[in-house]
Every structure is written in structure tokens, then in C-alpha cells.
>>> print(open('run-v1.cif').read())   # mmCIF, C-alpha atoms
data_entry
loop_
_atom_site.label_atom_id
_atom_site.label_comp_id
_atom_site.auth_asym_id
_atom_site.auth_seq_id
_atom_site.Cartn_x
_atom_site.Cartn_y
_atom_site.Cartn_z
CA MET A 25 -40.10 66.11 -38.49
CA ASN A 26 -40.52 68.31 -35.40
CA CYS A 27 -38.03 71.04 -34.58
CA LEU A 28 -34.74 69.88 -33.08
CA ARG A 29 -34.34 69.91 -29.32
CA PRO A 30 -31.17 71.67 -28.08
CA ALA A 31 -29.99 68.39 -26.52
CA ASP A 32 -30.31 66.70 -29.91
CA ILE A 33 -28.46 69.54 -31.62
CA TYR A 34 -25.50 68.90 -29.32
CA LEU A 35 -25.67 65.16 -29.87
CA TYR A 36 -25.79 65.79 -33.62
CA LEU A 37 -22.73 68.04 -33.40
CA GLU A 38 -20.90 65.35 -31.43
CA ASN A 39 -21.84 62.58 -33.89
CA GLU A 40 -23.80 60.90 -31.14
CA LEU A 41 -27.10 60.64 -33.03
CA ASP A 42 -27.83 57.40 -34.82
CA PRO A 43 -27.52 57.65 -38.64
CA ALA A 44 -31.29 57.77 -39.28
CA ALA A 45 -31.85 60.56 -36.73
CA ALA A 46 -28.84 62.45 -38.11
CA ARG A 47 -30.24 62.21 -41.63
CA GLU A 48 -33.60 63.53 -40.46
CA ALA A 49 -31.86 66.36 -38.63
CA ASP A 50 -29.94 67.21 -41.81
CA GLU A 51 -33.16 67.38 -43.81
CA HIS A 52 -34.90 69.45 -41.16
CA LEU A 53 -32.05 71.91 -40.83
CA ALA A 54 -32.14 72.54 -44.57
CA LEU A 55 -35.79 73.56 -44.29
CA CYS A 56 -36.14 75.28 -40.89
CA PRO A 57 -34.40 78.68 -40.41
CA GLY A 58 -35.19 78.71 -36.66
CA CYS A 59 -33.46 75.39 -36.05
CA ARG A 60 -30.60 76.42 -38.33
CA SER A 61 -30.06 79.52 -36.23
CA ALA A 62 -30.15 77.46 -33.02
CA PHE A 63 -27.76 74.99 -34.62
CA GLU A 64 -25.27 77.70 -35.66
CA GLU A 65 -25.42 79.08 -32.15
CA ARG A 66 -24.50 75.73 -30.58
CA ARG A 67 -21.91 75.03 -33.23
CA ALA A 68 -20.12 78.27 -32.39
CA LEU A 69 -20.09 77.24 -28.75
CA MET A 70 -18.81 73.76 -29.58
CA ASP A 71 -16.07 75.18 -31.82
CA ALA A 72 -15.00 77.47 -29.01
CA ILE A 73 -15.00 74.57 -26.54
CA ALA A 74 -12.87 72.54 -28.95
CA GLY A 75 -10.37 75.38 -28.99
CA ILE A 76 -9.79 75.52 -25.24
CA PRO A 77 -6.01 75.17 -25.00
CA ASP A 78 -4.08 72.56 -23.07
CA LEU A 79 -2.45 73.58 -19.82
CA GLU A 80 1.32 73.64 -19.96
CA VAL A 81 2.95 70.60 -18.42
CA PRO A 82 6.15 71.46 -16.54
CA PRO A 83 9.06 69.61 -18.19
CA ASP A 84 10.23 68.03 -14.93
CA LEU A 85 6.83 66.78 -13.76
CA ALA A 86 7.55 63.10 -14.46
CA GLY A 87 10.93 63.38 -12.75
CA LYS A 88 9.37 64.91 -9.65
CA ILE A 89 6.80 62.14 -9.43
CA LEU A 90 9.37 59.38 -9.92
CA ALA A 91 11.61 60.95 -7.28
CA ARG A 92 8.78 60.51 -4.77
CA ILE A 93 8.40 56.81 -5.52
CA PRO A 94 10.82 54.66 -3.51
CA SER A 95 12.36 52.00 -5.71
CA ASP A 96 12.58 48.37 -4.58
CA ARG A 97 16.32 48.50 -5.12
CA SER A 98 16.72 51.59 -2.97
CA SER A 99 14.64 50.11 -0.16
CA ARG A 100 16.79 46.95 -0.22
CA PHE A 101 19.84 49.17 -0.28
CA ASP A 102 18.49 51.18 2.67
CA GLY A 103 18.06 47.95 4.67
CA LEU A 104 21.61 46.86 3.91
CA VAL A 105 22.99 50.27 4.88
CA ALA A 106 21.08 50.22 8.17
CA PHE A 107 22.46 46.72 8.94
CA ILE A 108 26.04 47.78 8.18
CA ILE A 109 25.69 50.95 10.25
CA GLY A 110 24.24 48.97 13.17
CA LEU A 111 27.03 46.39 13.04
CA SER A 112 29.74 49.04 12.75
CA SER A 113 28.27 50.98 15.68
CA PHE A 114 28.33 47.83 17.81
CA PHE A 115 31.98 47.14 17.05
CA LEU A 116 33.01 50.75 17.49
CA GLY A 117 31.11 50.95 20.79
CA SER A 118 32.73 47.73 21.98
CA LEU A 119 36.15 49.00 21.02
CA ALA A 120 35.56 52.29 22.85
CA TYR A 121 34.37 50.39 25.95
CA VAL A 122 37.46 48.16 25.92
CA ILE A 123 39.80 51.14 25.50
CA LEU A 124 38.10 53.29 28.15
CA THR A 125 37.73 50.59 30.82
CA GLY A 126 41.06 48.94 30.13
CA GLN A 127 39.35 45.56 30.07
CA SER A 128 40.89 42.93 27.81
CA LEU A 129 39.08 42.30 24.55
CA THR A 130 38.72 38.60 25.33
CA GLY A 131 37.25 39.36 28.75
CA PHE A 132 34.82 41.83 27.24
CA LEU A 133 33.65 39.36 24.61
CA VAL A 134 33.18 36.62 27.23
CA ASP A 135 31.15 39.01 29.43
CA ALA A 136 29.09 40.24 26.51
CA ASN A 137 28.41 36.65 25.44
CA ARG A 138 27.41 35.68 28.98
CA SER A 139 25.11 38.71 29.32
CA ALA A 140 23.45 38.07 25.97
CA TRP A 141 22.80 34.41 26.81
CA GLY A 142 21.57 35.37 30.28
CA PHE A 143 19.15 37.89 28.83
CA MET A 144 17.85 35.40 26.26
CA ARG A 145 17.42 32.71 28.95
CA ASP A 146 15.53 35.06 31.29
CA ALA A 147 13.37 36.41 28.48
CA SER A 148 12.51 32.87 27.33
CA LEU A 149 11.55 31.78 30.82
CA ALA A 150 9.41 34.88 31.36
CA PHE A 151 7.66 34.30 28.04
CA ILE A 152 6.92 30.64 28.88
CA LYS A 153 5.51 31.62 32.28
CA PHE A 154 3.36 34.33 30.75
CA ALA A 155 2.02 31.92 28.13
CA LYS A 156 1.18 29.30 30.80
CA LEU A 157 -0.61 31.85 32.98
CA THR A 158 -2.61 33.16 30.04
CA ALA A 159 -3.69 29.64 29.07
CA LEU A 160 -4.69 28.89 32.67
CA GLY A 161 -6.65 32.14 32.94
CA LEU A 162 -8.48 31.45 29.70
CA ASP A 163 -9.27 27.90 30.81
CA LEU A 164 -10.72 29.17 34.08
CA LEU A 165 -12.75 31.84 32.33
CA VAL A 166 -14.26 29.33 29.90
CA LYS A 167 -15.12 26.95 32.77
CA PHE A 168 -16.62 29.80 34.81
CA ILE A 169 -18.83 30.95 31.93
CA GLY A 170 -19.94 27.36 31.28
CA GLU A 171 -20.78 26.71 34.95
CA MET A 172 -22.60 30.01 35.23
CA GLY A 173 -24.70 29.23 32.16
CA GLU A 174 -25.57 25.82 33.55
CA GLY A 175 -26.43 27.28 36.95
CA LEU A 176 -28.65 29.89 35.41
CA ALA A 177 -30.46 27.24 33.36
CA ARG A 178 -31.11 25.11 36.49
CA PHE A 179 -32.19 28.15 38.44
CA GLY A 180 -34.55 29.13 35.61
CA ALA A 181 -36.14 25.68 35.64
CA LEU A 182 -36.94 25.96 39.37
CA ILE A 183 -38.68 29.35 39.38
CA ARG A 184 -41.41 31.10 37.40
CA PRO A 185 -40.33 32.92 34.18
CA GLU A 186 -41.33 36.38 35.53
CA VAL A 187 -39.18 35.90 38.64
CA TYR A 188 -36.34 34.55 36.48
CA ALA A 189 -36.49 37.62 34.22
CA ALA A 190 -36.55 39.93 37.23
CA CYS A 191 -33.50 38.14 38.71
CA LEU A 192 -31.63 38.45 35.42
CA LEU A 193 -32.43 42.16 35.25
CA LEU A 194 -31.21 42.55 38.82
CA LEU A 195 -27.98 40.75 37.98
CA LEU A 196 -27.46 42.93 34.92
CA ALA A 197 -28.04 46.06 36.97
CA LEU A 198 -25.53 44.84 39.56
CA ALA A 199 -23.00 44.12 36.83
CA ALA A 200 -23.53 47.59 35.37
CA LEU A 201 -23.06 49.17 38.79
CA LEU A 202 -19.86 47.19 39.29
CA VAL A 203 -18.51 48.25 35.89
CA ALA A 204 -19.39 51.87 36.60
CA GLY A 205 -17.71 51.64 40.02
CA PHE A 206 -14.51 50.18 38.61
CA ARG A 207 -14.47 52.76 35.86
CA LYS A 208 -14.77 55.53 38.41
CA MET A 209 -12.00 53.96 40.48
CA PHE A 210 -9.64 53.76 37.50
CA LEU A 211 -10.47 57.25 36.30
CA HIS A 212 -10.35 59.07 39.62
CA GLY A 213 -8.33 56.71 41.78
CA GLU A 214 -11.27 56.20 44.16
CA LYS A 215 -12.15 52.98 45.88
CA PRO A 216 -15.43 51.42 44.85
CA MET B 27 -22.45 69.96 -41.10
CA LYS B 28 -20.39 68.44 -38.37
CA THR B 29 -18.31 70.23 -35.82
CA SER B 30 -14.56 69.81 -35.83
CA SER B 31 -13.29 67.76 -32.94
CA ARG B 32 -10.33 68.61 -30.74
CA ASN B 33 -7.19 67.51 -32.45
CA LYS B 34 -5.59 65.90 -29.44
CA PRO B 35 -4.13 62.45 -29.16
CA PHE B 36 -5.92 60.75 -26.31
CA PRO B 37 -5.56 57.00 -26.00
CA SER B 38 -8.79 55.28 -26.72
CA ASP B 39 -8.20 52.25 -28.96
CA SER B 40 -7.42 48.64 -28.22
CA VAL B 41 -3.76 49.04 -29.20
CA SER B 42 -3.42 51.67 -26.53
CA LYS B 43 -5.17 49.37 -24.05
CA ASP B 44 -2.66 46.60 -24.73
CA GLU B 45 0.21 49.05 -24.43
CA ASP B 46 -1.14 50.34 -21.15
CA ASN B 47 -1.57 46.83 -19.77
CA ALA B 48 2.00 45.98 -20.76
CA LEU B 49 3.28 49.13 -19.07
CA VAL B 50 1.32 48.29 -15.91
CA ARG B 51 2.78 44.75 -15.85
CA ARG B 52 6.30 46.09 -16.27
CA THR B 53 5.77 48.70 -13.56
CA LEU B 54 4.54 46.04 -11.17
CA LYS B 55 7.76 44.14 -11.81
CA GLY B 56 9.70 47.19 -10.67
CA ASP B 57 10.41 48.80 -14.05
CA ARG B 58 10.46 52.54 -13.29
CA LYS B 59 10.90 53.41 -16.95
CA ALA B 60 7.52 51.85 -17.67
CA PHE B 61 5.82 54.02 -15.06
CA GLU B 62 7.59 57.04 -16.47
CA MET B 63 6.04 56.19 -19.84
CA ILE B 64 2.61 56.01 -18.18
CA ILE B 65 3.21 59.44 -16.64
CA LEU B 66 4.35 60.94 -19.94
CA LYS B 67 1.33 59.50 -21.68
CA TYR B 68 -1.27 60.72 -19.21
CA GLN B 69 0.21 63.83 -17.61
CA GLN B 70 -1.31 66.19 -20.17
CA PRO B 71 -4.93 64.96 -19.99
CA LEU B 72 -4.70 64.60 -16.22
CA LEU B 73 -3.30 68.11 -15.77
CA ASN B 74 -6.00 69.51 -18.08
CA TYR B 75 -8.66 67.74 -16.02
CA LEU B 76 -7.31 68.83 -12.63
CA GLY B 77 -6.49 72.31 -13.88
CA ARG B 78 -10.00 72.92 -15.18
CA LEU B 79 -11.47 71.63 -11.93
CA THR B 80 -9.25 73.57 -9.55
CA GLY B 81 -8.77 76.66 -11.69
CA GLU B 82 -5.25 76.99 -10.26
CA ARG B 83 -2.23 75.95 -12.24
CA GLU B 84 0.17 75.33 -9.35
CA GLN B 85 -2.39 73.37 -7.39
CA ALA B 86 -3.25 71.34 -10.48
CA GLN B 87 0.41 70.38 -10.88
CA ASP B 88 0.63 69.31 -7.23
CA PHE B 89 -2.57 67.32 -7.56
CA THR B 90 -1.27 65.67 -10.72
CA GLN B 91 1.71 64.43 -8.73
CA GLU B 92 -0.53 63.17 -5.94
CA VAL B 93 -2.82 61.33 -8.33
CA PHE B 94 0.09 59.62 -10.07
CA LEU B 95 1.46 58.54 -6.69
CA LYS B 96 -1.95 57.11 -5.82
CA VAL B 97 -2.06 55.37 -9.18
CA HIS B 98 1.36 53.86 -8.56
CA SER B 99 0.45 52.58 -5.12
CA SER B 100 -2.84 51.12 -6.40
CA LEU B 101 -1.48 49.53 -9.58
CA SER B 102 -1.69 46.02 -8.15
CA SER B 103 -5.47 46.42 -7.90
CA PHE B 104 -5.85 47.37 -11.58
CA GLN B 105 -7.74 44.77 -13.57
CA PRO B 106 -6.58 44.53 -17.19
CA ARG B 107 -10.12 43.89 -18.44
CA PHE B 108 -10.85 47.56 -17.69
CA LYS B 109 -9.43 50.46 -19.62
CA PHE B 110 -6.44 52.00 -17.87
CA SER B 111 -7.41 55.58 -18.73
CA THR B 112 -10.88 55.23 -17.16
CA TRP B 113 -9.33 53.56 -14.08
CA LEU B 114 -6.80 56.39 -13.75
CA PHE B 115 -9.48 59.06 -14.07
CA LYS B 116 -11.65 57.26 -11.54
CA ILE B 117 -8.78 57.63 -9.07
CA ALA B 118 -8.41 61.29 -10.07
CA SER B 119 -12.14 61.87 -9.67
CA ASN B 120 -12.18 60.29 -6.21
CA PHE B 121 -9.16 62.40 -5.32
CA MET B 122 -11.03 65.57 -6.30
CA ILE B 123 -14.10 64.49 -4.35
CA ASP B 124 -11.87 64.15 -1.27
CA VAL B 125 -10.34 67.57 -1.92
CA TRP B 126 -13.75 69.20 -2.22
CA ARG B 127 -14.95 67.41 0.89
CA LYS B 128 -11.91 68.53 2.87
CA LYS B 129 -12.30 72.09 1.71
CA LYS B 130 -15.94 71.83 2.68
CA ILE B 131 -16.98 73.19 -0.62
CA SER B 132 -20.70 72.87 -0.45
CA ALA B 133 -21.95 70.31 -2.85
CA VAL B 134 -24.35 71.85 -5.30
CA SER B 135 -27.68 70.17 -5.11
CA LEU B 136 -28.52 68.47 -8.34
CA ASP B 137 -32.03 67.79 -7.16
CA ARG B 138 -33.27 70.71 -9.15
CA THR B 139 -31.99 69.17 -12.33
CA ARG B 140 -33.70 66.47 -14.28
CA ASP B 141 -31.53 63.40 -14.58
CA ASP B 142 -33.91 61.08 -16.30
CA GLY B 143 -32.85 62.30 -19.72
CA GLU B 144 -36.44 62.18 -20.91
CA ASN B 145 -37.01 65.88 -21.30
CA PRO B 146 -33.77 67.78 -21.16
CA CYS B 147 -35.36 70.61 -23.13
CA SER B 148 -37.07 71.81 -19.99
CA LEU B 149 -33.67 72.97 -18.81
CA GLN B 150 -32.60 74.78 -21.87
CA VAL B 151 -31.63 78.39 -21.79
CA PRO B 152 -34.09 80.21 -24.04
CA ASP B 153 -32.76 81.65 -27.25
CA THR B 154 -33.25 85.26 -26.36
CA GLY B 155 -31.14 88.29 -27.21
CA PRO B 156 -28.35 88.36 -29.76
CA PRO B 157 -26.72 84.96 -30.32
CA VAL B 158 -23.36 84.30 -28.73
CA ALA B 159 -21.76 83.74 -32.11
CA LYS B 160 -22.79 87.20 -33.27
CA LYS B 161 -22.02 88.91 -30.01
CA TYR B 162 -18.40 87.80 -29.75
CA GLU B 163 -15.64 86.57 -32.00
CA LEU B 164 -14.56 82.94 -31.65
CA ALA B 165 -11.29 83.80 -29.90
CA GLN B 166 -13.22 85.92 -27.43
CA ILE B 167 -15.68 83.12 -26.79
CA LYS B 168 -12.83 80.69 -26.03
CA LYS B 169 -11.42 83.06 -23.47
CA ARG B 170 -14.79 83.76 -21.93
CA ILE B 171 -15.68 80.07 -21.80
CA GLU B 172 -12.71 79.42 -19.53
CA GLY B 173 -13.95 82.12 -17.20
CA ALA B 174 -17.53 80.92 -17.33
CA LEU B 175 -16.46 77.35 -16.66
CA GLY B 176 -15.21 78.40 -13.24
CA ARG B 177 -18.73 79.47 -12.37
CA VAL B 178 -20.29 76.11 -13.17
CA PRO B 179 -20.89 73.80 -10.16
CA GLU B 180 -18.06 71.30 -9.67
CA GLU B 181 -20.14 68.21 -10.33
CA LEU B 182 -21.34 69.52 -13.68
CA ARG B 183 -17.97 71.00 -14.57
CA GLU B 184 -16.25 67.67 -13.96
CA LEU B 185 -18.51 65.83 -16.39
CA PHE B 186 -18.12 68.60 -18.95
CA VAL B 187 -14.33 68.50 -18.65
CA LEU B 188 -14.23 64.72 -18.96
CA ARG B 189 -16.35 64.95 -22.10
CA HIS B 190 -15.07 68.03 -23.90
CA ILE B 191 -11.53 68.53 -22.59
CA ASN B 192 -10.48 64.91 -22.04
CA GLU B 193 -12.74 63.60 -24.82
CA PHE B 194 -14.02 60.55 -23.05
CA SER B 195 -17.10 58.95 -24.50
CA TYR B 196 -20.34 59.26 -22.55
CA GLU B 197 -20.09 55.55 -21.73
CA GLU B 198 -16.58 55.93 -20.34
CA ILE B 199 -17.64 58.90 -18.22
CA ALA B 200 -20.56 56.87 -16.91
CA GLU B 201 -18.04 54.17 -15.90
CA ILE B 202 -15.67 56.67 -14.26
CA LYS B 203 -18.44 58.35 -12.29
CA ASN B 204 -20.67 55.33 -11.71
CA LEU B 205 -23.62 57.11 -13.27
CA PRO B 206 -26.15 56.08 -15.90
CA VAL B 207 -25.20 57.19 -19.43
CA GLY B 208 -28.43 59.18 -19.76
CA THR B 209 -27.62 61.13 -16.62
CA VAL B 210 -24.15 61.95 -17.90
CA LYS B 211 -25.50 63.11 -21.27
CA ASN B 212 -28.13 65.23 -19.60
CA ARG B 213 -25.72 66.87 -17.17
CA VAL B 214 -23.17 67.62 -19.89
CA PHE B 215 -25.98 69.13 -21.93
CA GLN B 216 -27.05 71.24 -18.95
CA THR B 217 -23.50 72.49 -18.54
CA LYS B 218 -23.23 73.56 -22.15
CA GLU B 219 -26.51 75.42 -21.97
CA MET B 220 -25.39 76.96 -18.70
CA LEU B 221 -22.16 78.11 -20.37
CA ARG B 222 -24.14 79.50 -23.27
CA GLY B 223 -26.37 81.33 -20.80
CA LEU B 224 -23.37 82.78 -18.99
CA LEU B 225 -21.84 83.93 -22.25
CA GLU B 226 -25.10 85.43 -23.45
CA GLY B 227 -25.50 87.16 -20.15
CA GLY B 228 -22.18 88.84 -20.80
CA SER B 229 -20.65 87.39 -17.64
#
>>> encode(input="run-v1.cif", output="C-alpha cells")
Amino acid sequence: MNCLRPADIYLYLENELDPAAAREADEHLALCPGCRSAFEERRALMDAIAGIPDLEVPPDLAGKILARIPSDRSSRFDGLVAFIIGLSSFFLGSLAYVILTGQSLTGFLVDANRSAWGFMRDASLAFIKFAKLTALGLDLLVKFIGEMGEGLARFGALIRPEVYAACLLLLLALAALLVAGFRKMFLHGEKP
Amino acid sequence: MKTSSRNKPFPSDSVSKDEDNALVRRTLKGDRKAFEMIILKYQQPLLNYLGRLTGEREQAQDFTQEVFLKVHSSLSSFQPRFKFSTWLFKIASNFMIDVWRKKKISAVSLDRTRDDGENPCSLQVPDTGPPVAKKYELAQIKKRIEGALGRVPEELRELFVLRHINEFSYEEIAEIKNLPVGTVKNRVFQTKEMLRGLLEGGS
């Protein structure tokens, strides 16, 4: 058998060589002083590596980590607390308003009820209008894009391809100029 | 003539895998005690790993906390068919990669090294001068190894630590680092020869 390679010496020391190779290494080491010396050298290093001590774990490490993890129960509890605080603030605020303004409690509650319903009604109406306008705008945009595509196709059929390409390029350039103009207007407040 | 292995309990068998999977399931159901058991089980190997990579005890403790928090928040993505310890160390390894990137620690080019595992001897440190074993006593070597380890490039040091401090198998390290087993073996070998060279050089 040839002399042992340093990589194989390490694998041998780590029990990573297959049994046949390990047996051969054993036999060779018994006969070859050079390899034995190299082996002893690596074994000393490996023994020293095996003796590297553990780092000391602080006794409260687990506690510190757990303290940084919010528990499900505490998050539910936090939600409940926030709700109670909110509700209490509302009642206390209402009470303070009634006391300071001298308004009767019944009158205040009726006003508050009316205001809340009024706000909800107005908000609902505004939302419905916004939704309708958005749908209309989208519908128009889709129709416009469709018509434009159709128009371009008809136009393309009437003229030569080179002219068509040139027209398209011109249109694109115009669009780019428009975009640049609007951008400038929005950035600097200038009119296009 | 076999070397003595580190006498440290590190989970590696199937019983441990089942235990880990059970602890993960319980943690996912909101059992904090189960996650505490995971922490107690892995805090020592994780601290050793992070400590040997950072070289700073306080920072290693902070990083250990951060890694466990990441582990906790990612637990739902853990697949029980994998080993929990390798999954945890993959998170730790990615964490360290981010740290090094943020600190802009220049990555040491491994292009010079041979990763094919075909001829690792070309990288060996020649056996010149008095052998390390004769030059220093074992206790001295241990102390000097810790110092020398800090001078090894991070990428090599990490693989060395995973192998010889955390005692992962080469296959497990390959899984953690997404590297071929041959590459891992070769790089760990390079690191040991580098350490030997540093010790021989009296550094």
C-alpha cells in the first residue's frame, strides 16, 4: 500500500474510512515510520480539537428568549384590554361632555345616535357613488382600448407596412412626450 | 489506534428526532414549555457554534437569542421528514451569512482551493520543522487552537465548527450548507491543515 495521504489520516482518525481501507491503513502504519509520525502529528491535533471547551451558557438565556416571544394568550388578553379601555374611554368622555355642557344624558345619547347614523349613511352613499364611478371609468377605458385596437388594425390594412410602422413610432413618441410633459407639470407645477 | 471523540451529548438518533418533532408540534399548538425544552436542548451547541464564529461571547449570546426567535417564528415551515437539528443550524448559518454580509466582511475567495476532493493532498501543509505535538503540550495546543481558529476564513471555520465542535456528520453539514459531501470533507481537511500550519508557525 502507498503512504497515507493527510486527508485519509484525518478520515481514519474520524472513523470515516471504510473498514477495508482502515485495515490497510492499520497495516501500513505498523510498517511505515514516516506515516506513523504524520499520523501521531494529526492525532495530537485531533485530540486537542476534541478538548476545546464548551462556552458557558448563561442560566437565564432560555427565560430571556421566551420573554421575547409573545404568547397567544397574552395577545388575546391585549386585545381584550384594548377593547375595555376603548369602551371605558367612550363612556367617561360622554359623561364628561354631559357634565360640562349641562346637556341631559338622554339628549346626548339621542344626538350621538343621530350623528352616528348620519355618518354611516353619508359614508355608505359616498362609497356607493365611488364604486359606480370606478366601474364606469373602467368600462370606458376597456371600450376605448378595444376601439383603438380595432381602428389601428383597419388603418394598418389600408396603408403600407413601412408607413404603418412609422405612424406607430410617431404615436409612441407623442405619447412619450405627453408623459414627460405631465411628469414635469406634476413635479414642478408647470403647465405642459 | 482511534482518536477519542468529544464526550458531548448532541442529539443525532431517531429517538431524538421523534422527540424533536413532538416538541415542535406542541410548540405550534402554543405550548411554551415545549419550546423552552427545545431551547434547553440546543442552546449549548448553538452558542458554541455562534461563539466560535463570532469570537465574542456577548455577541454570541445575543445571536443565540435571535436565532431561537427566528426558529420560533419559522416553526410552521419545518418539515418533520428533516432532522430538526440540521434545520435549526441551517437557520443559524443563514443568520451568520446575513451578519457577515451586513458587516461587509469580505468573503474569502475559495477559488484558490480545490473543491473536487480528488487531490486534497495538494493543499497539505508540508511536514517541516518540529511536529506540533512535540513543540507544545496538549493543553497549550488546545489554547492555541482557539486563537488560530479566529484566523481561519469564516467559510472554512464554519464547516470546521459544525464538524468538530457541533459534531455533525459530513452528510449533515452538506445538507445544512447545501454543498456536496466531498466539498465539505475537503474544506474541513483544509481547515485542519491550516490550523496545523498556524500552530507550527508558532502563531
>>> interface_residues(input="run-v1.cif", of="chain A", to="chain B", cutoff="6 Å", atoms="all atoms listed in the file", output="ChimeraX atom specification")
/A:37,65,68,72,74,79,89
>>> write_last_selection(input="run-v1.cif", atoms="C-alpha atoms", output="mmCIF file, keeping the file's coordinate frame")
data_model
loop_
_atom_site.group_PDB
_atom_site.id
_atom_site.type_symbol
_atom_site.label_atom_id
_atom_site.label_comp_id
_atom_site.auth_asym_id
_atom_site.auth_seq_id
_atom_site.Cartn_x
_atom_site.Cartn_y
_atom_site.Cartn_z
ATOM 1 C CA LEU A 37 -22.730 68.040 -33.400
ATOM 2 C CA GLU A 65 -25.420 79.080 -32.150
ATOM 3 C CA ALA A 68 -20.120 78.270 -32.390
ATOM 4 C CA ALA A 72 -15.000 77.470 -29.010
ATOM 5 C CA ALA A 74 -12.870 72.540 -28.950
ATOM 6 C CA LEU A 79 -2.450 73.580 -19.820
ATOM 7 C CA ILE A 89 6.800 62.140 -9.430
#
>>> residues_near_point(input="run-v1.cif", point="(-16.4, 57.3, -17.2)", cutoff="9 Å", atoms="all atoms listed in the file", output="ChimeraX atom specification")
/B:112-113,115-116,185,188,194-205
>>> atom_distance(input="run-v1.cif", atom1="atom CA of A:Tyr34", atom2="atom CA of A:Asp71")
11.6 Å
>>> axis_aligned_box(input="run-v1.cif", around="stretch 170-184 of chain A", padding_each_side="8 Å", output="AutoDock Vina command-line options")
--center_x -30.7 --center_y 28.1 --center_z 35.3 --size_x 37.5 --size_y 22.0 --size_z 24.1
>>> resolve_selection(input="run-v1.cif", expression="the PyMOL selection byres ((chain A and resi 46-58) around 9)", output="list in words")
Met25, Asn26, Cys27, Leu28, Asp32, Ile33, Tyr36, Asn39, Glu40, Leu41, Asp42, Pro43, Ala44, Ala45, Cys59, Arg60, Ser61, Ala62 and Phe63 of chain A; Met27 of chain B
>>> closest_residue(input="run-v1.cif", among="B:Arg189, B:Glu226, B:Thr80, B:Gly208", to="A:Ala31", atoms="all atoms listed in the file")
B:Gly208
>>> atom_distance(input="run-v1.cif", atom1="atom CA of B:Ser100", atom2="atom CA of A:Val105")
28.2 Å
>>> closest_residue(input="run-v1.cif", among="B:Gln105, B:Glu181, B:Glu45, B:Glu82", to="B:Ser119", atoms="only C-alpha atoms")
B:Glu181
>>> atom_distance(input="run-v1.cif", atom1="atom CA of B:Ile117", atom2="atom CA of B:Leu101")
10.9 Å
>>> build_atoms(input="run-v1.cif", residues="stretch 159-179 of chain A", atoms="N, CA and C atoms", output="compact mmCIF listing (two decimals), keeping the file's coordinate frame")
# COMPACT_ATOMS: atom_id res chain seq x y z
N ALA A 159 -2.91 30.83 29.41
CA ALA A 159 -3.69 29.64 29.07
C ALA A 159 -4.55 29.21 30.26
N LEU A 160 -3.95 29.26 31.46
CA LEU A 160 -4.69 28.89 32.67
C LEU A 160 -5.87 29.83 32.90
N GLY A 161 -5.60 31.13 32.75
CA GLY A 161 -6.65 32.14 32.94
C GLY A 161 -7.79 31.93 31.97
N LEU A 162 -7.45 31.66 30.72
CA LEU A 162 -8.48 31.45 29.70
C LEU A 162 -9.31 30.22 30.01
N ASP A 163 -8.60 29.15 30.45
CA ASP A 163 -9.27 27.90 30.81
C ASP A 163 -10.28 28.14 31.93
N LEU A 164 -9.84 28.87 32.94
CA LEU A 164 -10.72 29.17 34.08
C LEU A 164 -11.93 30.00 33.65
N LEU A 165 -11.68 30.96 32.80
CA LEU A 165 -12.75 31.84 32.33
C LEU A 165 -13.81 31.05 31.57
N VAL A 166 -13.33 30.16 30.69
CA VAL A 166 -14.26 29.33 29.90
C VAL A 166 -15.10 28.45 30.83
N LYS A 167 -14.41 27.82 31.82
CA LYS A 167 -15.12 26.95 32.77
C LYS A 167 -16.15 27.75 33.56
N PHE A 168 -15.74 28.96 34.01
CA PHE A 168 -16.62 29.80 34.81
C PHE A 168 -17.88 30.16 34.02
N ILE A 169 -17.68 30.56 32.76
CA ILE A 169 -18.83 30.95 31.93
C ILE A 169 -19.76 29.76 31.72
N GLY A 170 -19.14 28.57 31.49
CA GLY A 170 -19.94 27.36 31.28
C GLY A 170 -20.77 27.02 32.53
N GLU A 171 -20.09 27.03 33.70
CA GLU A 171 -20.78 26.71 34.95
C GLU A 171 -21.90 27.71 35.23
N MET A 172 -21.61 28.98 34.97
CA MET A 172 -22.60 30.01 35.23
C MET A 172 -23.83 29.82 34.35
N GLY A 173 -23.59 29.48 33.08
CA GLY A 173 -24.70 29.23 32.16
C GLY A 173 -25.55 28.08 32.63
N GLU A 174 -24.85 27.01 33.08
CA GLU A 174 -25.57 25.82 33.55
C GLU A 174 -26.39 26.14 34.80
N GLY A 175 -25.75 26.89 35.70
CA GLY A 175 -26.43 27.28 36.95
C GLY A 175 -27.67 28.11 36.67
N LEU A 176 -27.51 29.03 35.75
CA LEU A 176 -28.65 29.89 35.41
C LEU A 176 -29.79 29.08 34.80
N ALA A 177 -29.43 28.09 33.98
CA ALA A 177 -30.46 27.24 33.36
C ALA A 177 -31.21 26.45 34.43
N ARG A 178 -30.47 25.88 35.41
CA ARG A 178 -31.11 25.11 36.49
C ARG A 178 -32.00 26.01 37.35
N PHE A 179 -31.45 27.19 37.63
CA PHE A 179 -32.19 28.15 38.44
C PHE A 179 -33.49 28.54 37.72
